[in-house]
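J.: Pasting final.txt here (compact mmCIF, C-alpha atoms):
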# COMPACT_ATOMS: atom_id res chain seq x y z
CA MET A 1 234.83 200.80 176.81
CA LYS A 2 234.05 203.30 174.08
CA GLU A 3 232.98 201.94 170.72
CA ASN A 4 232.81 203.36 167.20
CA GLN A 5 231.02 201.92 164.22
CA ILE A 6 231.88 201.36 160.58
CA LYS A 7 229.08 200.41 158.24
CA ALA A 8 229.80 197.79 155.61
CA VAL A 9 227.79 195.85 153.07
CA HIS A 10 228.78 192.47 151.69
CA GLN A 11 228.83 192.09 147.92
CA GLN A 12 225.97 189.60 148.10
CA ASP A 13 223.77 192.07 150.02
CA LEU A 14 224.54 195.08 147.83
CA LYS A 15 221.55 194.53 145.54
CA LYS A 16 219.17 194.49 148.51
CA LEU A 17 220.75 197.64 149.97
CA LEU A 18 220.49 199.52 146.68
CA LYS A 19 216.83 198.53 146.35
CA SER A 20 216.09 199.80 149.86
CA LEU A 21 217.73 203.11 148.91
CA HIS A 22 215.69 203.22 145.66
CA VAL A 23 218.81 203.41 143.50
CA TYR A 24 219.05 199.85 142.22
CA ASP A 25 217.30 200.64 138.96
CA SER A 26 219.64 203.52 138.19
CA VAL A 27 222.68 201.26 138.74
CA THR A 28 221.38 198.43 136.58
CA SER A 29 220.27 200.81 133.83
CA ASN A 30 223.78 202.37 133.73
CA THR A 31 222.55 205.83 134.63
CA ALA A 32 224.19 205.98 138.05
CA THR A 33 227.67 207.48 138.02
CA CYS A 34 230.57 207.92 140.36
CA TYR A 35 230.27 211.27 142.14
CA PHE A 36 233.95 212.03 141.55
CA CYS A 37 234.92 210.72 138.13
CA ASN A 38 231.47 210.32 136.54
CA ALA A 39 232.27 206.77 135.50
CA THR A 40 229.19 204.59 135.04
CA MET A 41 228.53 202.51 138.13
CA SER A 42 227.82 198.81 138.23
CA LEU A 43 227.36 196.37 141.08
CA ASP A 44 231.01 195.35 140.71
CA THR A 45 232.56 198.80 140.60
CA ILE A 46 230.76 200.34 143.59
CA ALA A 47 233.25 200.81 146.45
CA ALA A 48 231.04 202.86 148.73
CA VAL A 49 227.66 204.49 149.00
CA PHE A 50 227.32 207.76 150.84
CA PRO A 51 224.81 210.53 151.37
CA PHE A 52 225.65 214.02 150.11
CA ASN A 53 223.42 217.02 149.52
CA ASP A 54 220.33 214.91 150.30
CA ALA A 55 221.12 212.40 147.60
CA VAL A 56 222.49 208.87 147.49
CA CYS A 57 225.93 209.06 145.90
CA PHE A 58 228.39 206.47 144.74
CA CYS A 59 232.12 206.12 144.87
CA CYS A 60 233.79 203.78 142.41
CA ASP A 61 236.74 201.59 143.28
CA GLN A 62 239.36 203.87 141.75
CA SER A 63 241.90 204.99 144.38
CA MET A 64 241.60 208.64 143.38
CA CYS A 65 237.87 208.55 143.97
CA CYS A 66 238.20 206.77 147.34
CA SER A 67 240.67 209.43 148.39
CA ALA A 68 238.36 212.18 147.17
CA MET A 69 235.49 210.64 149.13
CA ILE A 70 237.48 210.83 152.34
CA ASP A 71 238.28 214.49 151.56
CA LEU A 72 234.64 215.20 150.93
CA GLU A 73 233.71 213.86 154.34
CA GLN A 74 236.29 216.12 155.94
CA GLU A 75 234.90 219.17 154.13
CA ASP A 76 231.35 218.30 155.08
CA GLU A 77 232.26 217.98 158.75
CA THR A 78 234.18 221.25 158.81
CA LEU A 79 231.42 223.26 157.19
CA GLY A 80 228.62 221.56 159.12
CA MET B 1 252.59 170.48 182.77
CA ASP B 2 251.05 167.15 183.82
CA LYS B 3 250.46 168.52 187.32
CA LEU B 4 248.82 171.62 185.87
CA MET B 5 246.51 169.56 183.67
CA GLY B 6 245.70 167.31 186.62
CA ALA B 7 244.89 170.30 188.82
CA LEU B 8 242.72 171.76 186.06
CA ALA B 9 240.87 168.47 185.61
CA ASP B 10 240.24 168.27 189.39
CA PHE B 11 239.01 171.88 189.41
CA LEU B 12 236.59 171.27 186.55
CA ALA B 13 235.39 167.99 188.08
CA SER B 14 234.67 169.79 191.37
CA TYR B 15 232.99 172.89 189.96
CA GLY B 16 231.55 171.59 186.68
CA GLY B 17 230.04 174.31 184.48
CA TRP B 18 231.07 177.17 186.78
CA GLY B 19 234.60 175.85 186.60
CA ILE B 20 234.58 176.18 182.81
CA VAL B 21 233.23 179.72 183.11
CA ALA B 22 235.96 180.63 185.61
CA VAL B 23 238.68 179.21 183.35
CA LEU B 24 237.32 181.13 180.35
CA VAL B 25 237.22 184.39 182.33
CA ILE B 26 240.83 183.89 183.44
CA LEU B 27 241.90 183.12 179.88
CA LEU B 28 240.10 186.22 178.60
CA LEU B 29 241.65 188.45 181.24
CA PHE B 30 245.21 187.30 180.70
CA PHE B 31 245.19 186.25 177.08
CA GLY B 32 242.34 188.39 175.70
CA ASP B 33 244.30 189.67 172.71
CA ARG B 34 245.53 186.26 171.72
CA LEU B 35 242.02 184.83 172.08
CA LEU B 36 240.73 187.46 169.66
CA THR B 37 243.48 186.49 167.23
CA THR B 38 242.51 182.85 167.70
CA ILE B 39 238.89 183.72 166.96
CA GLU B 40 240.06 185.50 163.81
CA SER B 41 242.05 182.43 162.77
CA PHE B 42 239.00 180.26 163.41
CA TRP B 43 236.80 182.33 161.09
CA ALA B 44 239.63 182.58 158.53
CA ALA B 45 239.52 178.81 158.09
CA PHE B 46 235.83 178.98 157.14
CA ARG B 47 235.66 182.35 155.43
CA ASN B 48 234.92 181.02 151.95
CA ILE B 49 232.10 178.74 153.04
CA SER B 50 229.37 181.34 153.16
CA SER B 51 228.77 185.07 153.31
CA PHE B 52 228.02 184.68 157.04
CA THR B 53 231.47 183.23 157.78
CA PHE B 54 233.14 185.77 155.48
CA LYS B 55 231.43 188.60 157.36
CA ARG B 56 232.45 187.17 160.73
CA TYR B 57 236.03 186.80 159.49
CA THR B 58 236.17 190.30 158.03
CA SER B 59 234.54 191.90 161.09
CA THR B 60 236.88 190.09 163.46
CA ARG B 61 239.96 190.84 161.39
CA LEU B 62 239.16 194.53 160.96
CA SER B 63 238.24 194.91 164.63
CA ASN B 64 241.37 193.09 165.81
CA GLN B 65 243.71 195.10 163.62
CA ILE B 66 242.21 198.44 164.60
CA LEU B 67 242.00 197.37 168.26
CA HIS B 68 245.68 196.51 168.26
CA ALA B 69 246.66 199.72 166.51
CA ALA B 70 244.31 201.96 168.48
CA LYS B 71 245.88 200.54 171.68
CA VAL B 72 249.11 202.23 170.66
CA ILE B 73 247.35 205.56 170.24
CA ASN B 74 245.12 205.20 173.29
CA SER B 75 248.06 204.18 175.47
CA VAL B 76 248.94 207.89 175.28
CA ASN B 77 245.52 209.24 176.19
CA ASP B 78 242.19 207.41 176.47
CA ASP B 79 240.34 210.29 174.84
CA LEU B 80 242.26 210.20 171.56
CA LEU B 81 240.38 207.42 169.79
CA PRO B 82 237.42 205.21 170.58
CA TYR B 83 238.96 202.02 171.88
CA ARG B 84 237.06 199.52 169.83
CA VAL B 85 235.56 199.53 166.39
CA LYS B 86 232.55 197.51 165.44
CA VAL B 87 231.74 196.63 161.87
CA LYS B 88 228.00 196.88 161.35
CA TRP B 89 226.90 194.83 158.38
CA ILE B 90 224.07 196.45 156.48
CA LYS B 91 221.62 194.61 154.25
CA SER B 92 219.12 197.41 153.81
CA GLU B 93 218.71 200.97 154.97
CA ASN B 94 215.86 203.40 155.35
CA ILE B 95 216.58 206.18 152.88
CA GLU B 96 215.64 209.05 155.20
CA SER B 97 217.87 207.84 158.00
CA PHE B 98 220.68 207.11 155.52
CA LEU B 99 220.56 210.66 154.17
CA LYS B 100 220.53 212.13 157.67
CA SER B 101 223.28 209.86 159.01
CA GLY B 102 226.05 211.24 156.82
CA GLN B 103 227.75 207.88 157.13
CA VAL B 104 229.54 206.00 154.38
CA ILE B 105 228.69 202.38 153.69
CA ILE B 106 231.73 200.53 152.42
CA LYS B 107 231.30 197.56 150.13
CA ILE B 108 233.46 194.59 151.03
CA GLY B 109 233.69 191.65 148.66
CA ASP B 110 236.42 189.04 148.46
CA ASP B 111 239.91 189.09 149.95
CA ASP B 112 241.31 191.13 147.08
CA ASP B 113 239.34 194.08 148.41
CA ILE B 114 240.62 193.72 151.96
CA ASN B 115 243.60 196.11 151.68
CA LYS B 116 241.57 198.87 150.10
CA SER B 117 238.57 198.23 152.33
CA PHE B 118 240.76 198.22 155.41
CA VAL B 119 242.40 201.52 154.51
CA ILE B 120 239.03 203.16 153.88
CA ALA B 121 237.68 201.67 157.11
CA VAL B 122 240.64 202.97 159.15
CA ALA B 123 240.41 206.39 157.52
CA GLU B 124 236.68 206.51 158.34
CA PHE B 125 237.37 205.30 161.89
CA VAL B 126 239.92 208.08 162.42
CA ARG B 127 237.78 210.72 160.75
CA GLN B 128 234.86 209.92 163.03
CA GLY B 129 236.66 209.23 166.22
CA LEU B 130 240.02 210.95 166.50
CA MET B 131 239.88 213.86 168.95
CA HIS B 132 236.39 214.79 167.94
CA ASN B 133 236.17 217.29 170.76
CA VAL B 134 239.33 218.99 169.49
CA LYS B 135 238.72 218.94 165.75
CA ARG B 136 235.38 220.72 166.03
CA HIS B 137 237.31 223.85 167.07
CA LEU B 138 239.63 223.69 164.07
CA ARG B 139 238.42 225.39 160.90
CA ASP B 140 241.63 224.87 158.94
CA GLU B 141 240.53 221.93 156.84
CA PRO B 142 243.98 220.94 155.46
CA LEU B 143 245.28 220.93 159.05
CA VAL B 144 242.51 218.58 160.22
CA GLN B 145 243.07 216.33 157.19
CA ALA B 146 246.81 216.27 157.85
CA ILE B 147 246.29 215.33 161.50
CA ASP B 148 243.94 212.51 160.48
CA CYS B 149 246.30 211.24 157.77
CA CYS B 150 249.25 211.26 160.13
CA ALA B 151 247.19 209.22 162.59
CA VAL B 152 246.06 206.79 159.86
CA ASN B 153 249.68 206.43 158.76
CA LYS B 154 250.63 205.61 162.33
CA ILE B 155 247.81 203.07 162.78
CA LEU B 156 248.61 201.28 159.53
CA SER B 157 252.32 201.16 160.29
CA GLN B 158 251.56 199.61 163.69
CA ALA B 159 248.84 197.18 162.69
CA TYR B 160 248.72 196.29 159.05
CA ILE B 161 251.88 197.16 157.17
CA GLU B 162 250.61 195.70 153.88
CA CYS B 163 248.02 198.43 153.73
CA LEU B 164 250.53 201.18 154.45
CA SER B 165 252.00 201.25 150.95
CA TYR B 166 248.48 201.16 149.46
CA PHE B 167 247.53 204.12 151.67
CA GLN B 168 250.68 206.11 150.86
CA LYS B 169 250.63 205.42 147.14
CA ASN B 170 246.92 205.75 146.45
CA LEU B 171 245.49 208.13 149.02
CA LEU B 172 248.27 210.14 150.61
CA ASP B 173 250.11 210.99 147.39
CA ARG B 174 246.95 212.51 145.98
CA LEU B 175 246.34 214.62 149.07
CA LEU B 176 249.95 215.84 149.01
CA LYS B 177 249.22 217.65 145.76
CA ASN B 178 247.35 220.22 147.86
CA SER B 179 250.08 222.57 149.05
CA ASP B 180 248.36 223.53 152.31
CA PHE B 181 247.83 219.88 153.22
CA ALA B 182 251.40 219.01 152.22
CA LYS B 183 252.80 221.84 154.36
CA HIS B 184 250.89 220.71 157.47
CA PHE B 185 251.56 217.01 156.87
CA GLU B 186 255.29 217.61 156.51
CA LEU B 187 255.38 219.54 159.81
CA LEU B 188 253.48 216.76 161.59
CA ARG B 189 255.78 214.13 160.12
CA GLN B 190 258.82 216.07 161.35
CA ILE B 191 257.55 216.20 164.89
CA ASP B 192 256.53 212.54 164.70
CA TYR B 193 260.16 211.56 163.97
CA ASN B 194 261.07 213.24 167.25
CA GLY B 195 258.34 211.49 169.23
CA LEU B 196 256.30 214.68 169.52
CA PHE B 197 253.21 213.95 167.39
CA LEU B 198 251.37 211.44 169.51
CA PRO B 199 252.48 211.81 173.13
CA VAL B 200 252.90 215.61 172.99
CA PHE B 201 250.95 217.32 170.18
CA LEU B 202 247.79 215.20 170.08
CA ASN B 203 247.96 214.51 173.80
CA GLU B 204 248.18 218.20 174.75
CA LEU B 205 245.39 219.22 172.37
CA THR B 206 243.14 216.56 173.91
CA LYS B 207 244.05 217.51 177.47
CA ALA B 208 243.45 221.20 176.75
CA MET B 209 239.90 220.56 175.55
CA ARG B 210 239.02 218.12 178.31
CA HIS B 211 237.84 220.88 180.60
CA PHE B 212 235.67 222.70 178.08
CA HIS B 213 232.06 221.99 177.34
CA SER B 214 231.68 220.70 173.81
CA HIS B 215 228.76 222.99 172.93
CA TYR B 216 230.77 226.18 172.51
CA LEU B 217 233.29 226.98 169.81
CA ILE B 218 236.60 228.21 171.18
CA GLU B 219 237.68 230.67 168.52
CA ASP B 220 241.30 231.18 169.49
CA PHE B 221 242.10 227.50 169.98
CA GLU B 222 243.01 226.99 166.32
CA LYS B 223 245.56 229.81 166.48
CA GLU B 224 247.15 228.20 169.53
CA THR B 225 247.14 224.78 167.85
CA LEU B 226 249.13 226.16 164.92
CA SER B 227 251.42 228.11 167.22
CA PHE B 228 252.09 224.98 169.28
CA LEU B 229 252.77 222.95 166.15
CA HIS B 230 255.33 225.48 164.91
CA TYR B 231 256.90 225.59 168.35
CA LEU B 232 257.32 221.79 168.31
CA VAL B 233 258.82 221.88 164.81
CA ASN B 234 261.38 224.47 165.95
CA PHE B 235 262.00 222.47 169.12
CA SER B 236 262.87 219.39 167.09
CA LYS B 237 265.10 221.27 164.64
CA GLU B 238 267.06 223.82 166.63
CA LYS B 239 270.24 223.04 168.46
CA TYR B 240 269.61 225.59 171.22
CA LYS B 241 266.07 224.85 172.05
CA LYS B 242 263.46 226.97 173.76
CA LEU B 243 262.30 224.62 176.50
CA PHE B 244 259.03 226.20 177.51
CA TYR B 245 255.79 226.76 175.61
CA ASP B 246 253.56 229.23 177.44
CA GLY B 247 250.19 229.42 175.73
CA LYS B 248 246.66 230.20 176.84
CA TYR B 249 245.48 226.56 176.77
CA ILE B 250 248.75 224.65 176.65
CA ARG B 251 251.71 225.24 178.98
CA VAL B 252 254.44 222.67 178.72
CA ALA B 253 258.16 222.40 179.38
CA PHE B 254 260.73 220.01 177.99
CA GLY B 255 263.92 218.39 179.14
CA LEU B 256 266.41 216.23 177.35
CA ILE B 257 268.72 213.91 179.25
CA ALA B 258 271.63 213.33 176.93
CA ASN B 259 274.77 214.86 178.36
CA GLN B 260 276.73 212.16 180.18
CA SER B 261 279.26 214.59 181.66
CA PHE B 262 276.45 216.70 183.14
CA ILE B 263 274.87 213.60 184.68
CA SER B 264 278.23 212.51 186.11
CA ARG B 265 278.97 215.96 187.51
CA HIS B 266 275.56 216.93 188.91
CA GLY B 267 273.66 213.64 189.20
CA ARG B 268 269.99 212.92 188.65
CA GLU B 269 268.92 215.42 191.32
CA ALA B 270 269.89 218.30 189.05
CA TYR B 271 267.31 217.15 186.52
CA VAL B 272 264.73 216.70 189.28
CA GLU B 273 265.29 220.33 190.27
CA LYS B 274 264.99 221.48 186.66
CA VAL B 275 261.60 219.76 186.35
CA ARG B 276 260.37 221.26 189.63
CA SER B 277 261.58 224.67 188.58
CA SER B 278 259.63 224.35 185.28
CA LEU B 279 256.49 223.55 187.25
CA SER B 280 257.08 226.61 189.44
CA LEU B 281 257.32 228.74 186.31
CA GLY B 282 253.82 227.62 185.35
CA ALA B 283 254.24 224.50 183.24
CA GLN B 284 251.26 222.15 183.53
CA THR B 285 253.18 219.26 182.02
CA VAL B 286 256.87 218.51 181.70
CA TYR B 287 258.14 216.09 179.07
CA LEU B 288 261.52 214.45 179.57
CA PHE B 289 263.26 212.73 176.68
CA GLY B 290 266.14 210.31 176.46
CA TRP B 291 267.57 207.78 174.00
CA GLU B 292 269.12 204.33 174.31
CA ASP B 293 271.28 204.14 177.46
CA LYS B 294 269.68 207.28 178.92
CA ILE B 295 266.19 205.73 178.98
CA LYS B 296 266.70 204.27 182.44
CA ILE B 297 267.95 207.62 183.79
CA VAL B 298 264.91 209.42 182.37
CA ARG B 299 262.58 206.97 184.12
CA GLN B 300 264.50 207.36 187.39
CA VAL B 301 264.36 211.15 187.22
CA ALA B 302 260.62 211.03 186.55
CA GLU B 303 260.07 208.62 189.43
CA ARG B 304 262.08 210.74 191.86
CA THR B 305 260.40 213.95 190.78
CA ALA B 306 256.93 212.46 191.21
CA ARG B 307 257.84 211.37 194.73
CA ALA B 308 259.36 214.71 195.64
CA ASP B 309 256.68 217.00 194.19
CA MET B 310 253.02 216.74 195.20
CA ARG B 311 251.99 218.94 192.27
CA ILE B 312 252.55 216.05 189.89
CA LYS B 313 249.31 214.11 189.53
CA ARG B 314 250.35 211.63 186.88
CA VAL B 315 253.48 210.23 185.32
CA LYS B 316 253.30 208.27 182.09
CA ALA B 317 255.97 206.61 179.95
CA HIS B 318 255.71 206.85 176.15
CA PRO B 319 258.33 204.66 174.47
CA TYR B 320 258.96 205.44 170.81
CA ARG B 321 261.56 205.19 168.07
CA HIS B 322 263.43 208.42 167.51
CA VAL B 323 264.28 209.03 163.84
CA PHE B 324 267.29 211.24 163.16
CA GLU B 325 267.98 213.42 160.12
CA ASP B 326 270.00 210.67 158.47
CA HIS B 327 266.96 208.37 158.95
CA SER B 328 268.73 206.20 161.49
CA ALA B 329 266.57 205.33 164.49
CA ALA B 330 267.09 204.72 168.18
CA ARG B 331 265.00 203.45 171.05
CA ALA B 332 263.75 206.42 173.01
CA ILE B 333 261.40 207.44 175.74
CA CYS B 334 259.25 210.42 176.52
CA MET B 335 258.20 210.70 180.17
CA GLU B 336 255.12 212.84 180.75
CA MET B 337 254.75 214.44 184.19
CA THR B 338 251.57 216.43 184.54
CA THR B 339 249.90 218.52 187.20
CA LEU B 340 246.53 218.25 185.46
CA ASP B 341 243.83 216.27 187.23
CA PHE B 342 242.48 213.20 185.49
CA GLU B 343 240.61 210.83 187.77
CA PRO B 344 241.25 211.44 191.44
CA SER B 345 241.05 207.73 192.24
CA LYS B 346 243.97 206.79 189.98
CA ASN B 347 247.44 206.18 191.40
CA LYS B 348 249.82 209.08 191.14
CA VAL B 349 252.75 207.34 189.56
CA LYS B 350 252.49 205.14 186.49
CA ILE B 351 255.92 204.37 185.16
Would you encode the structure as structure tokens?

T.:
Amino acid sequence: MKENQIKAVHQQDLKKLLKSLHVYDSVTSNTATCYFCNATMSLDTIAAVFPFNDAVCFCCDQSMCCSAMIDLEQEDETLG
Amino acid sequence: MDKLMGALADFLASYGGWGIVAVLVILLLFFGDRLLTTIESFWAAFRNISSFTFKRYTSTRLSNQILHAAKVINSVNDDLLPYRVKVKWIKSENIESFLKSGQVIIKIGDDDDINKSFVIAVAEFVRQGLMHNVKRHLRDEPLVQAIDCCAVNKILSQAYIECLSYFQKNLLDRLLKNSDFAKHFELLRQIDYNGLFLPVFLNELTKAMRHFHSHYLIEDFEKETLSFLHYLVNFSKEKYKKLFYDGKYIRVAFGLIANQSFISRHGREAYVEKVRSSLSLGAQTVYLFGWEDKIKIVRQVAERTARADMRIKRVKAHPYRHVFEDHSAARAICMEMTTLDFEPSKNKVKI
């Protein structure tokens, strides 16, 4: 049976994940922003973390941004 | 019931642990889906106790919902979507491998996030898995997006209807502002109302690419994909339909069993001959459609044709709901009869 994988992080493990990606400090110091709307990110407003252009990027929990993130993935796959 | 319980007790007493294993295997084989739902219910009762139980609940729920929905899509063609999705819970990640992976990590918190998280998870699942071997030959980005969104729409409407309005209101509406996307999505939706999106359009694209090695880009495949899509749109709209699509990669014919007076006058054999004649003209697959009281006749015609014609390697039934222009719906069926080889060991007729 074929299998596909979706990666998820629980809210309680988010801090540990961000530290392993070396971006925890930028989130807690309010310098990290949403890639799409530039809103300041916090541990509560992060909806997803994704790699783009060799950087760790964030998507906030606004629907427009989630939608834009899915678009971005489509673009990346088409051009790649 | 008492006798059954008594027999079960005797069986377990005789075979002990192996008896329990045998019973569990039988339960899994015959009631696998319900067992998974039971497992989900079990974790649901304990989901708020700890993050471990919440993760188990969320993983099971997501997997079950997508499994159920993907069954609908994969019942058409095994190659359309990976059959099972696994949620991998991440606590930490090596930054180099994260940057190379290109994969999104979705944050899931409490139940309030479930709808949004589920929609993003399904969209990611479809993006990664739907017809990967086909999409790599399509450079029209709005077309690929529209295909994915139509598939997500279908999965959500089958599995988790609460998420559907979230998806349509928050994600789809934004994408529809792009005119190219909107144009493609509208065409796909039109053919979906006529039962042509899943069992015909996606199915034929997947079948066409099955025989090609994935390393090489097939330049003219995108042109044929668009041509086939427009053909199907015209097929669903026009009263006097062109019943044959003769492309380089896709060659299909269609039949519609609807005219009662024709059936009464000429019988089912006339339709059998029409199908055989389409195959002789070069069709690789013939699709026969019928609604409501004609469904049985469509199945009978397909069965008879498969018996009469050795060229047909596989027959498959695709039930669906046909949506008319006035938005009324009817039970319908699309019978697929194909001359294309799949696995030689499989039975010829599957009705």

J.: Between CA of Glu186 (chain B) and CA of Ile6 (chain A), what is the distance, to one decimal in Å?

T.: 28.8 Å

J.: Have a look at CA of Val323 (chain B) and CA of Leu138 (chain B) and let me know their distance in Å, one decimal.

T.: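 Computed distance, CA of Val323 (chain B) to CA of Leu138 (chain B), equals 28.7 Å.
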
J.: With a cut-off of 8 Å and counting only C-alpha atoms, select all residues of chain B in contact with chain A and give the selection as a PyMOL selection string.

T.: chain B and resi 51+55+82-95+98-109+120-121+123-125+127+129+136+138-139+141+144-145+170-172+174-175

J.: Counting all atoms listed in the file, find residues at most 12 Å from (220.0, 206.3, 136.1) (file frame) and give them as an MDAnalysis selection string.

T.: chainID A and resid 22:34 40:42 56:57

J.: Have a look at CA of Val76 (chain B) and CA of Pro199 (chain B) and let me know their distance in Å, one decimal.

T.: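 If I compute the distance from CA of Val76 (chain B) to CA of Pro199 (chain B), I get 5.7 Å.
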
J.: Using all atoms listed in the file, which protein or nucleic acid residues come within 12 Å of Met131 (chain B)? Drop anything in the same chain fewer than 6 positions from it, and give the result as a list of chain:residue names.

T.: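 Residues near the query, excluding close chain neighbours: B:Ile73, B:Asn74, B:Asn77, B:Asp78, B:Asp79, B:Leu80, B:Leu81, B:Pro82, B:Phe125, B:His137, B:Leu138, B:Val144, B:Ile147, B:Asp148, B:Ala151, B:Leu198, B:Phe201, B:Leu202, B:Asn203, B:Glu204, B:Leu205, B:Thr206, B:Lys207, B:Ala208, B:Met209, B:Arg210, B:Ser214.
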